[in-house]
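Here is upload_15.txt, consisting of compact mmCIF, C-alpha atoms:
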```txt
# COMPACT_ATOMS: atom_id res chain seq x y z
CA MET G 1 10.16 1.36 10.73
CA LYS G 2 8.00 2.20 7.71
CA PRO G 3 9.74 1.48 4.39
CA SER G 4 10.69 4.51 2.30
CA VAL G 5 8.34 5.72 -0.41
CA GLU G 6 10.14 4.03 -3.31
CA TYR G 7 9.80 0.64 -1.59
CA ARG G 8 6.11 1.27 -0.97
CA ILE G 9 5.70 2.23 -4.65
CA ALA G 10 7.45 -0.97 -5.75
CA ALA G 11 5.12 -3.05 -3.59
CA LEU G 12 2.06 -1.27 -5.02
CA LEU G 13 3.29 -1.72 -8.59
CA GLU G 14 3.75 -5.43 -7.98
CA GLU G 15 0.42 -5.81 -6.16
CA LYS G 16 -1.49 -4.06 -8.95
CA ASN G 17 0.67 -5.45 -11.79
CA ILE G 18 1.35 -1.96 -13.14
CA LYS G 19 4.44 -0.72 -14.99
CA VAL G 20 5.67 2.85 -14.54
CA SER G 21 7.84 5.35 -16.38
CA THR G 22 9.20 8.77 -15.44
CA ALA G 23 9.51 12.07 -17.31
CA GLU G 24 11.76 14.60 -15.65
CA SER G 25 12.92 18.10 -16.32
CA CYS G 26 13.95 19.95 -13.15
CA THR G 27 14.71 16.74 -11.23
CA GLY G 28 17.04 15.51 -13.97
CA GLY G 29 16.62 11.80 -13.26
CA LEU G 30 16.37 11.89 -9.46
CA VAL G 31 12.89 10.31 -9.48
CA ALA G 32 14.10 7.43 -11.63
CA ALA G 33 17.21 7.12 -9.46
CA ALA G 34 15.06 6.84 -6.33
CA LEU G 35 12.98 4.08 -7.91
CA VAL G 36 16.03 2.09 -8.98
CA ASN G 37 17.22 2.03 -5.37
CA VAL G 38 14.76 -0.86 -5.03
CA ALA G 39 16.15 -4.25 -6.00
CA GLY G 40 13.84 -5.93 -8.50
CA ILE G 41 12.22 -2.69 -9.64
CA SER G 42 13.12 -3.64 -13.22
CA ASN G 43 10.00 -5.81 -13.16
CA TRP G 44 7.87 -2.65 -12.81
CA PHE G 45 9.95 0.37 -13.89
CA GLU G 46 10.03 0.40 -17.69
CA GLU G 47 12.02 3.52 -18.63
CA GLY G 48 12.72 7.11 -17.70
CA TYR G 49 13.05 10.26 -19.77
CA VAL G 50 15.11 13.29 -18.82
CA THR G 51 13.61 15.93 -21.08
CA TYR G 52 15.30 19.13 -20.06
CA SER G 53 14.78 21.00 -23.32
CA ASN G 54 11.48 21.82 -24.97
CA THR G 55 12.67 19.95 -28.05
CA ALA G 56 13.17 16.79 -25.98
CA LYS G 57 9.73 17.19 -24.39
CA GLN G 58 8.20 17.34 -27.85
CA LYS G 59 10.29 14.59 -29.46
CA LEU G 60 10.26 12.00 -26.65
CA LEU G 61 7.00 12.72 -24.85
CA GLY G 62 4.79 14.27 -27.51
CA VAL G 63 4.32 17.54 -25.66
CA ASP G 64 2.55 19.87 -28.05
CA LYS G 65 4.59 22.81 -29.37
CA ASP G 66 1.55 25.07 -28.94
CA THR G 67 1.31 24.08 -25.26
CA LEU G 68 4.93 25.03 -24.70
CA GLU G 69 4.52 28.33 -26.54
CA GLN G 70 1.24 29.27 -24.86
CA PHE G 71 1.84 28.07 -21.29
CA GLY G 72 5.59 27.42 -21.07
CA ALA G 73 7.60 24.39 -20.04
CA VAL G 74 6.79 25.07 -16.39
CA SER G 75 3.01 24.75 -16.42
CA GLU G 76 0.17 22.47 -15.43
CA GLN G 77 -0.54 21.77 -19.09
CA THR G 78 3.04 20.70 -19.85
CA ALA G 79 3.25 18.49 -16.73
CA ARG G 80 0.02 16.77 -17.81
CA GLN G 81 1.29 16.13 -21.34
CA MET G 82 4.66 14.94 -20.02
CA ALA G 83 3.06 12.36 -17.72
CA ILE G 84 0.61 11.10 -20.33
CA GLY G 85 3.33 11.10 -22.97
CA ALA G 86 5.77 9.12 -20.80
CA ALA G 87 3.18 6.44 -20.08
CA LYS G 88 2.27 6.20 -23.75
CA ALA G 89 5.86 6.21 -25.05
CA ALA G 90 6.91 3.50 -22.61
CA GLY G 91 3.73 1.45 -22.94
CA CYS G 92 3.03 1.76 -19.22
CA GLN G 93 -0.14 2.17 -17.19
CA ALA G 94 1.50 4.78 -14.93
CA ALA G 95 3.96 7.65 -15.12
CA VAL G 96 5.12 10.61 -13.08
CA ALA G 97 6.54 13.86 -14.48
CA THR G 98 8.31 16.90 -13.05
CA THR G 99 8.83 20.32 -14.57
CA GLY G 100 9.92 23.40 -12.68
CA ILE G 101 12.39 26.16 -11.93
CA ALA G 102 15.09 24.85 -9.59
CA GLY G 103 17.10 28.10 -9.60
CA PRO G 104 19.06 29.97 -8.67
CA ASP G 105 18.18 31.81 -11.90
CA GLY G 106 15.23 31.63 -14.27
CA GLY G 107 12.45 32.78 -11.98
CA THR G 108 10.01 35.60 -12.65
CA ASP G 109 7.26 37.23 -10.60
CA GLU G 110 4.74 35.00 -12.36
CA LYS G 111 6.90 31.85 -12.17
CA PRO G 112 9.30 32.14 -9.21
CA VAL G 113 12.28 29.95 -8.46
CA GLY G 114 10.95 26.88 -6.65
CA LEU G 115 7.78 26.62 -8.77
CA VAL G 116 7.32 22.97 -9.74
CA TYR G 117 4.46 21.15 -11.42
CA ILE G 118 4.21 17.41 -10.88
CA GLY G 119 1.98 15.30 -13.07
CA ALA G 120 1.07 11.69 -12.48
CA VAL G 121 -1.07 9.28 -14.43
CA VAL G 122 -2.35 5.87 -13.41
CA ARG G 123 -4.47 4.27 -16.11
CA ASP G 124 -6.93 7.05 -17.09
CA ASP G 125 -6.57 9.10 -13.91
CA VAL G 126 -4.33 12.19 -14.17
CA VAL G 127 -3.46 14.48 -11.28
CA ILE G 128 -1.35 17.64 -11.45
CA GLU G 129 0.09 19.32 -8.37
CA LYS G 130 1.58 22.80 -8.13
CA HIS G 131 4.29 23.40 -5.55
CA ILE G 132 6.50 26.30 -4.58
CA PHE G 133 9.53 24.87 -2.79
CA LYS G 134 12.04 26.88 -0.79
CA GLY G 135 15.79 26.56 -0.64
CA ASP G 136 18.65 26.31 -3.07
CA ARG G 137 18.73 24.33 -6.33
CA ALA G 138 19.55 21.04 -4.61
CA ASP G 139 16.77 21.58 -2.05
CA VAL G 140 14.18 22.31 -4.75
CA ARG G 141 15.20 19.21 -6.73
CA LYS G 142 15.14 17.00 -3.62
CA GLN G 143 11.72 18.28 -2.51
CA SER G 144 10.37 17.88 -6.05
CA THR G 145 11.57 14.28 -6.19
CA GLN G 146 9.97 13.45 -2.84
CA ALA G 147 6.68 15.11 -3.81
CA ALA G 148 6.63 13.26 -7.15
CA LEU G 149 7.14 9.91 -5.43
CA GLU G 150 4.45 10.70 -2.85
CA LEU G 151 1.95 11.68 -5.57
CA LEU G 152 2.67 8.48 -7.50
CA GLU G 153 2.19 6.44 -4.33
CA GLN G 154 -1.15 8.14 -3.55
CA MET G 155 -2.43 7.50 -7.05
CA LEU G 156 -1.37 3.85 -6.98
CA GLU G 157 -3.08 3.40 -3.60
CA LYS G 158 -6.41 4.69 -4.93
CA ASP G 159 -6.21 2.73 -8.21
```
So, in terms of structure tokens, how does the structure I just supplied come out?
Amino acid sequence: MKPSVEYRIAALLEEKNIKVSTAESCTGGLVAAALVNVAGISNWFEEGYVTYSNTAKQKLLGVDKDTLEQFGAVSEQTARQMAIGAAKAAGCQAAVATTGIAGPDGGTDEKPVGLVYIGAVVRDDVVIEKHIFKGDRADVRKQSTQAALELLEQMLEKD
């Protein structure tokens, strides 16, 4: 049986001697929790940030106030700054970030419930993915977590 994604990530981090951090909004720590399922991950997982408010995104991750005002917390631009900011703040070579609308409220026509942006950085490579997940709040958070881990794994594999 193939090991789960967090175990594959841990092996890649060790193989490439890379440390990682997380920055989470809509997932509220689920990405970090998945990583810490792996015994010994403390060698590679530096720290995680749950930055639910815009203030926290600015203070802990260095997300620009103008970015939040112009594009909103749930945007490609914010996900990019969250990922880069988490890596920088933690002194890591890699980070993954999630920001989205888990629901059941908060959606609009332009930004519906289930809209999630995931940002990942490995060294100087940054990738942002846009997803629209279906289901209730727990489903959106679970799918977001899985997608974030898969993106991080893909980026580590190509590093």
In Å, how far is it from CA of Asn17 (chain G) to CA of Thr51 (chain G)?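 Between these atoms lies a distance of 26.7 Å.
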Could you give me, as a tab-separated table, every region 22-69 of chain G residue with an atom at most 12 Å from region 122-138 of chain G, plus its closest atom pair and distance in Å to one decimal, counting all atoms listed in the file, rows ordered by chain then number?
```
residue	atom	partner	partner_atom	distance
G:Cys26	CA	G:Arg137	CA	9.4
G:Thr27	CA	G:Ala138	CA	9.3
G:Gly28	CA	G:Ala138	CA	11.2
G:Leu30	CA	G:Ala138	CA	10.8
```
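Distances here use only C-alpha atoms; by that measure, the residue among G:Lys88, G:Gly29, G:Val63, G:Asn37 closest to Val5 (chain G) is G:Asn37.
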For CA of Ala89 (chain G) and CA of Ser4 (chain G), determine how far apart the two atoms are, in Å to one decimal place.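 Taking CA of Ala89 (chain G) and CA of Ser4 (chain G), their separation equals 27.8 Å.
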Quick one: residues within 12 Å of Lys158 (chain G), all atoms listed in the file counted, chain neighbours fewer than 4 positions away excluded, as a PyMOL selection string? chain G and resi 12+16+121-123+125+151-154
Between G:Asp64, G:Glu6, G:Glu15, G:Glu46, which one has atoms that come closest to Ala95 (chain G), using all atoms listed in the file?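 When distances to Ala95 (chain G) are compared using all atoms listed in the file, the smallest one comes from G:Glu46.
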From the list G:Leu149, G:Ala23, G:Gly85, G:Asp159, which residue is nearest Tyr7 (chain G) when using only C-alpha atoms?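 Closest to Tyr7 (chain G), using only C-alpha atoms: G:Leu149.
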Please compute the CA of Ala83 (chain G)-CA of Gly119 (chain G) distance, one decimal, in Å.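 Those two atoms sit 5.6 Å apart.
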Polymer residues at most 7 Å from Val113 (chain G), all atoms listed in the file, same-chain spacing of 2 or more positions, as a list of chain:residue names: G:Ile101, G:Ala102, G:Gly103, G:Pro104, G:Gly106, G:Gly107, G:Lys111, G:Leu115
Considering all atoms listed in the file, can you say which of G:Ala94, G:Ala147, G:Ile84, G:Leu68 comes closest to Leu13 (chain G)?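 Counting all atoms listed in the file, the residue closest to Leu13 (chain G) is G:Ala94.
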Place a sphere of radius 9 Å on (12.8, 2.7, -8.7) in the file coordinates and name every protein, DNA or RNA residue with an atom inside or on its surface, counting all atoms listed in the file; give the answer as a VMD selection string. chain G and resid 6 to 7 9 to 10 31 to 42 44 to 45
If we count all atoms listed in the file and set the cut-off at 9 Å, which residues sit around Gly91 (chain G), ignoring sequence neighbours fewer than 6 positions away in its own chain? Please answer as a list in words. Lys19, Val20, Ser21 and Glu46 of chain G
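Minimum distance to Gly48 (chain G) across G:Arg8, G:Val74, G:Ala90, G:Thr67 (counting all atoms listed in the file) occurs at G:Ala90.
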